[in-house]
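Trainee: So I've got this file, structure30.cif, and it contains mmCIF, C-alpha atoms and all ligand atoms:
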data_query
#
loop_
_atom_site.label_atom_id
_atom_site.label_comp_id
_atom_site.auth_asym_id
_atom_site.auth_seq_id
_atom_site.Cartn_x
_atom_site.Cartn_y
_atom_site.Cartn_z
CA MET L 681 70.68 97.97 59.78
CA SER L 682 69.19 95.01 57.92
CA ASP L 683 69.76 94.01 54.33
CA SER L 684 66.33 95.23 53.32
CA PRO L 685 65.78 98.95 52.63
CA ARG L 686 62.11 98.47 53.51
CA ASP L 687 63.01 97.02 56.94
CA ASP L 688 65.46 99.86 57.50
CA LEU L 689 62.80 102.42 56.68
CA THR L 690 60.31 100.73 58.99
CA GLU L 691 62.83 100.67 61.83
CA LEU L 692 63.77 104.32 61.31
CA THR L 693 60.11 105.32 61.22
CA ARG L 694 59.46 103.47 64.47
CA ALA L 695 62.46 105.17 66.11
CA LEU L 696 61.30 108.60 64.91
CA ILE L 697 57.78 108.06 66.23
CA ALA L 698 59.19 106.92 69.57
CA HIS L 699 61.47 109.95 69.75
CA VAL L 700 58.64 112.39 69.06
CA ALA L 701 56.46 110.68 71.67
CA TRP L 702 59.30 110.88 74.14
CA GLN L 703 59.83 114.60 73.45
CA ARG L 704 56.09 115.14 73.96
CA ASP L 705 56.19 113.24 77.27
CA LEU L 706 59.03 115.48 78.41
CA GLY L 707 56.96 118.59 77.75
CA ALA L 708 58.35 119.72 74.39
CA VAL L 709 55.74 121.60 72.39
CA GLU L 710 57.70 121.95 69.17
CA LEU L 711 60.64 120.32 67.46
CA LEU L 712 63.32 122.69 66.27
CA ARG L 713 65.81 122.12 63.50
CA GLU L 714 68.93 124.21 63.21
CA GLY L 715 68.13 127.20 61.00
CA SER L 716 64.38 126.76 61.43
CA LEU L 717 63.77 129.02 64.42
CA PRO L 718 60.65 131.12 64.11
CA ALA L 719 61.52 134.62 62.86
CA ALA L 720 60.58 136.41 66.06
CA ARG L 721 62.66 134.09 68.22
CA ALA L 722 65.60 134.21 65.84
CA ALA L 723 65.53 138.03 65.88
CA ALA L 724 65.30 138.34 69.65
CA PRO L 725 66.61 135.22 71.39
CA GLU L 726 65.01 134.36 74.67
CA ALA L 727 67.03 134.55 77.83
CA PRO L 728 68.47 131.15 78.74
CA VAL L 729 66.01 129.10 80.73
CA GLU L 730 67.34 127.60 83.94
CA ALA L 731 66.14 124.12 84.74
CA PRO L 732 64.02 124.13 87.90
CA PRO L 733 65.55 122.53 90.98
CA LEU L 734 64.64 118.90 91.51
CA GLU L 735 64.36 119.13 95.29
CA GLY L 736 60.63 118.62 95.30
CA ALA L 737 61.00 115.16 93.85
CA ARG L 738 63.89 114.12 96.03
CA GLY L 739 63.88 112.88 99.58
CA GLU L 740 64.13 109.79 101.65
CA ALA L 741 62.94 106.59 100.08
CA PRO L 742 60.22 104.62 101.84
CA PRO L 743 61.63 102.36 104.54
CA LEU L 744 62.91 99.01 103.38
CA GLU L 745 60.43 96.23 103.51
CA GLY L 746 61.29 92.68 104.36
CA SER L 747 64.08 91.15 102.43
CA PRO L 748 64.40 89.80 99.88
CA VAL L 749 62.27 92.30 98.03
CA ALA L 750 60.06 90.76 95.42
CA ALA L 751 59.33 92.36 92.07
CA PRO L 752 56.61 95.01 92.25
CA PRO L 753 53.06 93.71 91.92
CA SER L 754 52.63 95.64 88.70
CA ALA L 755 55.36 93.58 87.04
CA PRO L 756 54.04 91.68 84.02
CA SER L 757 53.21 88.04 84.63
CA GLN L 758 54.89 87.07 81.37
CA PRO L 759 58.68 86.88 81.38
CA PRO L 760 60.16 90.15 80.15
CA PRO L 761 61.42 90.28 76.57
CA ALA L 762 65.08 89.59 76.02
CA PRO L 763 67.10 92.79 76.41
CA VAL L 764 67.74 94.56 73.15
CA VAL L 765 71.09 96.24 72.87
CA ALA L 766 71.99 98.22 69.81
CA PRO L 767 75.06 96.83 68.06
CA GLY L 768 78.13 98.60 69.38
CA TYR L 769 75.88 100.76 71.53
CA ALA L 770 77.69 100.44 74.81
CA ALA L 771 81.30 100.62 73.76
CA ALA L 772 81.43 102.34 70.40
CA PRO L 773 84.14 105.01 70.49
CA SER L 774 82.87 108.46 69.82
CA ALA L 775 83.87 110.52 66.83
CA PRO L 776 86.66 113.04 67.41
CA PRO L 777 85.29 116.18 69.05
CA PRO L 778 84.50 119.08 66.79
CA PRO L 779 87.04 121.90 66.83
CA VAL L 780 86.39 124.58 69.39
CA ALA L 781 86.60 127.85 67.53
CA ARG L 782 85.86 130.13 70.45
CA PRO L 783 85.93 130.03 74.25
CA PRO L 784 82.99 128.10 75.62
CA ALA L 785 79.93 130.24 76.19
CA SER L 786 77.81 129.77 79.27
CA PRO L 787 76.38 126.24 79.22
CA ALA L 788 72.78 127.41 79.45
CA ALA L 789 73.27 129.67 76.43
CA VAL L 790 74.63 126.97 74.13
CA ARG L 791 72.58 124.03 75.32
CA PRO L 792 69.91 122.93 72.85
CA LEU L 793 66.45 124.05 73.84
CA PHE L 794 65.12 120.52 73.96
CA VAL L 795 67.76 119.62 76.53
CA GLU L 796 66.38 122.33 78.79
CA ALA L 797 62.90 121.02 78.14
CA ALA L 798 64.03 117.53 79.04
CA ALA L 799 65.56 118.71 82.30
CA GLN L 800 62.35 120.49 83.21
CA GLY L 801 60.21 117.59 82.09
CA ALA L 802 62.09 115.13 84.26
CA ALA L 803 61.02 117.04 87.37
CA ARG L 804 57.36 116.42 86.66
CA ALA L 805 55.28 113.31 86.25
CA ARG L 806 56.74 110.83 83.79
CA GLY L 807 54.96 109.30 80.88
CA PRO L 808 54.95 105.58 80.20
CA ALA L 809 58.35 103.96 79.81
CA LEU L 810 59.66 103.26 76.33
CA GLU L 811 60.22 99.56 75.78
CA GLY L 812 62.20 97.43 73.36
CA PRO L 813 63.87 99.05 70.34
CA ALA L 814 62.16 102.39 71.05
CA ARG L 815 64.16 102.75 74.28
CA VAL L 816 67.39 101.77 72.55
CA ALA L 817 66.69 104.25 69.77
CA ALA L 818 65.88 107.07 72.21
CA LEU L 819 69.10 106.41 74.13
CA GLN L 820 71.02 106.41 70.87
CA VAL L 821 69.59 109.86 70.12
CA ILE L 822 71.02 111.15 73.42
CA HIS L 823 74.28 109.33 72.77
CA ASP L 824 74.58 111.06 69.39
CA GLU L 825 73.92 114.44 71.01
CA VAL L 826 76.63 113.76 73.59
CA LYS L 827 79.12 112.91 70.83
CA GLY L 828 78.60 116.34 69.30
CA CYS L 829 78.25 118.28 72.54
CA THR L 830 80.45 121.33 73.10
CA ALA L 831 78.47 122.77 75.99
CA CYS L 832 81.32 122.98 78.50
CA ARG L 833 85.10 123.34 78.59
CA LEU L 834 85.63 119.58 78.99
CA VAL L 835 85.20 119.26 75.22
CA GLN L 836 88.63 120.80 74.73
CA LYS L 837 90.69 117.90 76.14
CA ARG L 838 88.49 114.92 75.48
CA THR L 839 89.43 112.12 73.10
CA ASN L 840 86.04 110.41 73.23
CA THR L 841 82.79 111.09 74.97
CA VAL L 842 81.80 108.33 77.38
CA PHE L 843 78.08 107.62 77.44
CA SER L 844 77.28 104.28 79.07
CA ARG L 845 77.82 100.56 79.08
CA GLY L 846 75.61 97.62 79.86
CA ASN L 847 71.94 96.90 79.60
CA PRO L 848 69.44 99.72 78.97
CA PHE L 849 66.75 97.44 80.48
CA ALA L 850 68.71 96.80 83.68
CA ARG L 851 67.08 96.72 87.11
CA LEU L 852 70.26 98.12 88.64
CA CYS L 853 72.20 101.21 87.58
CA PHE L 854 75.61 102.35 88.82
CA ILE L 855 76.43 106.03 88.41
CA GLY L 856 79.94 107.40 88.79
CA GLU L 857 81.57 110.79 88.48
CA GLY L 858 83.21 111.03 85.06
CA PRO L 859 85.58 109.28 82.66
CA GLY L 860 89.20 108.64 83.52
CA GLU L 861 92.14 108.23 81.18
CA GLN L 862 91.29 104.75 79.89
CA GLU L 863 87.60 105.59 79.60
CA ASP L 864 88.47 108.70 77.58
CA ARG L 865 90.63 106.57 75.30
CA THR L 866 88.08 103.77 74.79
CA GLY L 867 84.79 105.67 74.99
CA SER L 868 83.36 103.24 77.56
CA PRO L 869 82.85 103.91 81.29
CA PHE L 870 84.59 102.00 84.07
CA VAL L 871 87.14 100.06 82.05
CA GLY L 872 90.27 100.99 84.05
CA PRO L 873 91.34 99.64 87.45
CA ALA L 874 88.29 101.17 89.13
CA GLY L 875 86.10 99.55 86.51
CA GLN L 876 87.71 96.18 87.12
CA LEU L 877 87.01 96.53 90.82
CA LEU L 878 83.42 97.53 90.04
CA ASP L 879 83.10 94.41 87.87
CA ARG L 880 84.31 92.26 90.77
CA ILE L 881 81.74 93.89 93.05
CA ILE L 882 79.02 93.26 90.46
CA GLY L 883 80.18 89.65 90.10
CA SER L 884 80.10 89.20 93.87
CA MET L 885 76.46 90.21 93.74
CA GLY L 886 75.78 87.34 91.36
CA LEU L 887 75.42 89.62 88.35
CA ASP L 888 77.24 89.97 85.06
CA ARG L 889 78.58 93.37 84.02
CA GLU L 890 76.22 93.29 81.02
CA GLU L 891 73.21 92.87 83.31
CA VAL L 892 73.58 96.34 84.84
CA TYR L 893 73.66 99.83 83.37
CA VAL L 894 76.70 102.00 84.11
CA CYS L 895 77.19 105.68 83.37
CA ASN L 896 78.62 108.90 84.79
CA VAL L 897 77.45 112.38 85.71
CA VAL L 898 79.73 114.02 83.13
CA LYS L 899 80.48 112.44 79.76
CA CYS L 900 83.92 113.95 79.07
CA ARG L 901 87.09 113.46 81.06
CA PRO L 902 88.04 116.30 83.39
CA PRO L 903 91.77 117.07 82.96
CA TYR L 904 94.02 115.17 85.35
CA ASN L 905 90.92 113.34 86.63
CA ARG L 906 89.94 116.33 88.74
CA THR L 907 86.42 116.57 90.13
CA PRO L 908 84.03 118.15 87.61
CA GLU L 909 83.26 121.81 88.28
CA ALA L 910 79.72 122.84 89.17
CA ASP L 911 79.11 124.49 85.80
CA GLU L 912 80.37 121.39 83.98
CA MET L 913 77.96 119.19 85.89
CA HIS L 914 75.18 121.69 85.28
CA ALA L 915 75.89 121.58 81.57
CA CYS L 916 76.13 117.79 81.35
CA SER L 917 73.59 116.55 83.88
CA PRO L 918 70.55 116.92 81.57
CA PHE L 919 71.98 114.04 79.58
CA LEU L 920 72.03 111.87 82.70
CA VAL L 921 68.52 113.00 83.66
CA ARG L 922 67.28 111.86 80.27
CA GLN L 923 69.22 108.57 80.43
CA LEU L 924 67.66 107.71 83.77
CA ASP L 925 64.22 108.75 82.56
CA LEU L 926 64.57 106.14 79.81
CA VAL L 927 66.31 103.32 81.68
CA ARG L 928 64.23 103.71 84.86
CA PRO L 929 66.17 101.22 86.96
CA GLU L 930 64.63 99.79 90.11
CA VAL L 931 67.70 100.76 92.13
CA ILE L 932 70.54 103.23 91.62
CA VAL L 933 73.92 102.85 93.30
CA ALA L 934 75.59 106.26 93.45
CA LEU L 935 79.36 105.83 93.41
CA GLY L 936 81.15 108.56 95.31
CA ARG L 937 80.55 112.11 96.33
CA THR L 938 79.93 113.69 92.92
CA ALA L 939 77.21 111.26 91.84
CA VAL L 940 75.63 111.32 95.29
CA GLY L 941 75.70 115.12 95.41
CA PHE L 942 74.00 115.40 92.03
CA LEU L 943 71.36 112.71 92.53
CA LEU L 944 70.42 113.71 96.08
CA ASP L 945 71.07 117.44 95.71
CA THR L 946 73.05 117.48 98.93
CA LYS L 947 76.43 118.54 100.25
CA ASP L 948 76.35 116.05 103.11
CA SER L 949 79.40 113.86 103.57
CA MET L 950 79.60 110.34 102.21
CA THR L 951 80.09 109.09 105.75
CA ARG L 952 76.65 110.41 106.67
CA LEU L 953 74.95 109.35 103.44
CA ARG L 954 76.27 105.90 102.58
CA GLY L 955 74.62 102.78 103.91
CA ARG L 956 71.14 104.36 103.93
CA TRP L 957 68.43 104.53 101.30
CA HIS L 958 67.61 107.81 99.60
CA SER L 959 65.57 108.63 96.52
CA TYR L 960 65.97 110.25 93.12
CA GLU L 961 62.74 110.89 91.22
CA GLY L 962 61.14 108.05 93.17
CA ILE L 963 63.98 105.59 92.43
CA PRO L 964 65.72 104.19 95.54
CA VAL L 965 69.35 105.37 95.67
CA LEU L 966 72.08 103.81 97.75
CA PRO L 967 75.27 105.88 98.05
CA THR L 968 78.50 103.97 98.44
CA TRP L 969 82.22 104.49 98.00
CA HIS L 970 83.58 105.01 94.49
CA PRO L 971 85.88 102.13 93.43
CA SER L 972 88.67 104.69 92.82
CA TYR L 973 88.34 105.80 96.44
CA ILE L 974 88.64 102.20 97.61
CA LEU L 975 91.77 101.73 95.49
CA ARG L 976 93.33 104.88 97.01
CA GLN L 977 92.90 103.68 100.58
CA PRO L 978 96.04 102.98 102.59
CA PRO L 979 96.50 99.41 103.82
CA GLU L 980 95.24 100.23 107.30
CA THR L 981 91.78 101.36 106.08
CA VAL L 982 91.20 99.50 102.82
CA LYS L 983 89.73 96.45 104.53
CA ALA L 984 87.15 98.51 106.42
CA THR L 985 86.23 100.49 103.29
CA LYS L 986 85.71 97.30 101.33
CA ALA L 987 83.59 95.89 104.15
CA GLU L 988 81.40 99.00 104.14
CA THR L 989 80.99 98.78 100.38
CA TRP L 990 79.99 95.13 100.58
CA ALA L 991 77.50 95.93 103.36
CA ASP L 992 75.97 98.53 101.02
CA MET L 993 75.78 96.03 98.18
CA LYS L 994 74.01 93.55 100.44
CA LEU L 995 71.31 96.18 101.00
CA VAL L 996 70.98 96.50 97.22
CA MET L 997 70.78 92.74 96.78
CA ALA L 998 68.09 92.49 99.46
CA ARG L 999 66.10 95.23 97.74
CA LEU L 1000 66.32 93.44 94.39
CA GLY L 1001 65.80 89.97 95.81
CA LEU L 1002 69.24 88.79 94.70
CA GLN L 1003 71.18 85.98 96.28
CA PRO L 1004 74.99 86.04 96.23
CA PRO L 1005 76.51 83.20 94.23
CA THR L 1006 77.54 80.20 96.30
CA ARG L 1007 81.28 79.92 96.57
CA PRO L 1008 82.92 76.61 95.60
S1 LIG L 1101 81.11 117.06 79.70
FE1 LIG L 1101 78.99 116.91 78.97
S2 LIG L 1101 78.34 119.07 78.70
FE2 LIG L 1101 80.60 119.05 78.75
S3 LIG L 1101 81.21 118.89 76.60
FE3 LIG L 1101 81.15 116.79 77.45
S4 LIG L 1101 79.11 116.03 76.93
FE4 LIG L 1101 79.04 118.28 76.70
#
What would the structure in this file look like if it were written as structure tokens?

Mentor:
Amino acid sequence: MSDSPRDDLTELTRALIAHVAWQRDLGAVELLREGSLPAARAAAPEAPVEAPPLEGARGEAPPLEGSPVAAPPSAPSQPPPAPVVAPGYAAAPSAPPPPVARPPASPAAVRPLFVEAAAQGAARARGPALEGPARVAALQVIHDEVKGCTACRLVQKRTNTVFSRGNPFARLCFIGEGPGEQEDRTGSPFVGPAGQLLDRIIGSMGLDREEVYVCNVVKCRPPYNRTPEADEMHACSPFLVRQLDLVRPEVIVALGRTAVGFLLDTKDSMTRLRGRWHSYEGIPVLPTWHPSYILRQPPETVKATKAETWADMKLVMARLGLQPPTRP
């Protein structure tokens, strides 16, 4: 916020207009406020609406063209505006979770209606991308919803929700599975040993960690770092769908089986999927090993796993037209 109430009001008005436009683009036909449901709907609640499957929009990406890949011809001729990152946006710890007074209901029953609408909207044609502060504000709206979310059992053990880190205007997005212990404690994704390895991988690509966008499929830590259950991912994935619809990276790197399974809607093994291009909502997706998996490798296989990961990253660099930094 600025020092001027008038500037604050202008900024808030802009953010509200952008949010309403974004809801409209996602297919929402009305905005609901708690306690303001129409009488008929409040008296006889509708059955929970299941989000339609995304299969129709998923499939193999077009074959790679020559490398390096230049920016798309539609890219503006003027240099893009400097990224705008909301103060404390990426790493601000979340507020303590609200008390859970009753066992979690089915995710679809407790999920806000507009989340369902967003999930459905993401499967259809997208509207124009939000730019500048409007994108930051729209992401902050989702972030705030995540902080207050109680839609699955993972709320019970979490310390903080973990939304994202990095640049909401990034060309490259890394998506992992869910927060670990240190991420749960800090509220920021990929800050533990796996995060440090991811940062080294990003650095090897000639990028800074703040130049990419990093998030997870689920926003709360599964106990003992177990894999998220299907209903937990179902409850949480609309947040990720909406994040990606706003960030719209040029390339997604899916880290590990959970992220790959969600984005590509497949149960195929990582061995079959990694090293090849796939697609999520028209965005090229490259599956690769999760940094935690690399760190768990025994000495006899760790070298080969790292080599495979680096081979995958070279495909990403070619697609984005990146050159690795020259070593001294
Ligand atoms: S994991 Fe996702 S759906 Fe479950 S409580 Fe956390 S934010 Fe909500």

Trainee: Could you tell me how far atom CA of L:Gly812 lies from atom CA of L:Gly875, in Å and to one decimal?

Mentor: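 Taking atom CA of L:Gly812 as the start and atom CA of L:Gly875 as the end point, the length is 27.4 Å.
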
Trainee: Tell me which of L:Lys983, L:Arg976, L:His823, L:Arg922 sits closest to ligand LIG 1101 (chain L), counting all atoms listed in the file.

Mentor: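 Distance minimum relative to ligand LIG 1101 (chain L) lands on L:His823.
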
Trainee: Write out as an mmCIF file with C-alpha atoms, keeping the file's coordinate frame each polymer residue (protein, DNA or RNA) that has an atom no more than 8 Å from ligand LIG 1101 (chain L), with all atoms listed in the file counted.

Mentor:
data_model
loop_
_atom_site.group_PDB
_atom_site.id
_atom_site.type_symbol
_atom_site.label_atom_id
_atom_site.label_comp_id
_atom_site.auth_asym_id
_atom_site.auth_seq_id
_atom_site.Cartn_x
_atom_site.Cartn_y
_atom_site.Cartn_z
ATOM 1 C CA PRO L 787 76.380 126.240 79.220
ATOM 2 C CA VAL L 826 76.630 113.760 73.590
ATOM 3 C CA LYS L 827 79.120 112.910 70.830
ATOM 4 C CA GLY L 828 78.600 116.340 69.300
ATOM 5 C CA CYS L 829 78.250 118.280 72.540
ATOM 6 C CA THR L 830 80.450 121.330 73.100
ATOM 7 C CA ALA L 831 78.470 122.770 75.990
ATOM 8 C CA CYS L 832 81.320 122.980 78.500
ATOM 9 C CA ARG L 833 85.100 123.340 78.590
ATOM 10 C CA LEU L 834 85.630 119.580 78.990
ATOM 11 C CA VAL L 835 85.200 119.260 75.220
ATOM 12 C CA GLN L 836 88.630 120.800 74.730
ATOM 13 C CA ARG L 838 88.490 114.920 75.480
ATOM 14 C CA THR L 841 82.790 111.090 74.970
ATOM 15 C CA VAL L 898 79.730 114.020 83.130
ATOM 16 C CA LYS L 899 80.480 112.440 79.760
ATOM 17 C CA CYS L 900 83.920 113.950 79.070
ATOM 18 C CA ARG L 901 87.090 113.460 81.060
ATOM 19 C CA PRO L 902 88.040 116.300 83.390
ATOM 20 C CA GLU L 912 80.370 121.390 83.980
ATOM 21 C CA MET L 913 77.960 119.190 85.890
ATOM 22 C CA HIS L 914 75.180 121.690 85.280
ATOM 23 C CA ALA L 915 75.890 121.580 81.570
ATOM 24 C CA CYS L 916 76.130 117.790 81.350
ATOM 25 C CA SER L 917 73.590 116.550 83.880
ATOM 26 C CA PHE L 919 71.980 114.040 79.580
#

Trainee: Which one of L:Gly883, L:Pro929, L:Gly846, L:Pro908 sits closest to L:Pro859 if you count only C-alpha atoms?

Mentor: L:Pro908

Trainee: Atom CA of L:Glu930 and atom CA of L:Arg851, how far apart in Å?

Mentor: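 These two atoms are separated by 4.9 Å.
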
Trainee: As an exercise, work out the distance from atom CA of L:Pro869 to atom CA of L:Pro848 in Å and give it to one decimal place.

Mentor: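 Computed distance, atom CA of L:Pro869 to atom CA of L:Pro848, equals 14.2 Å.
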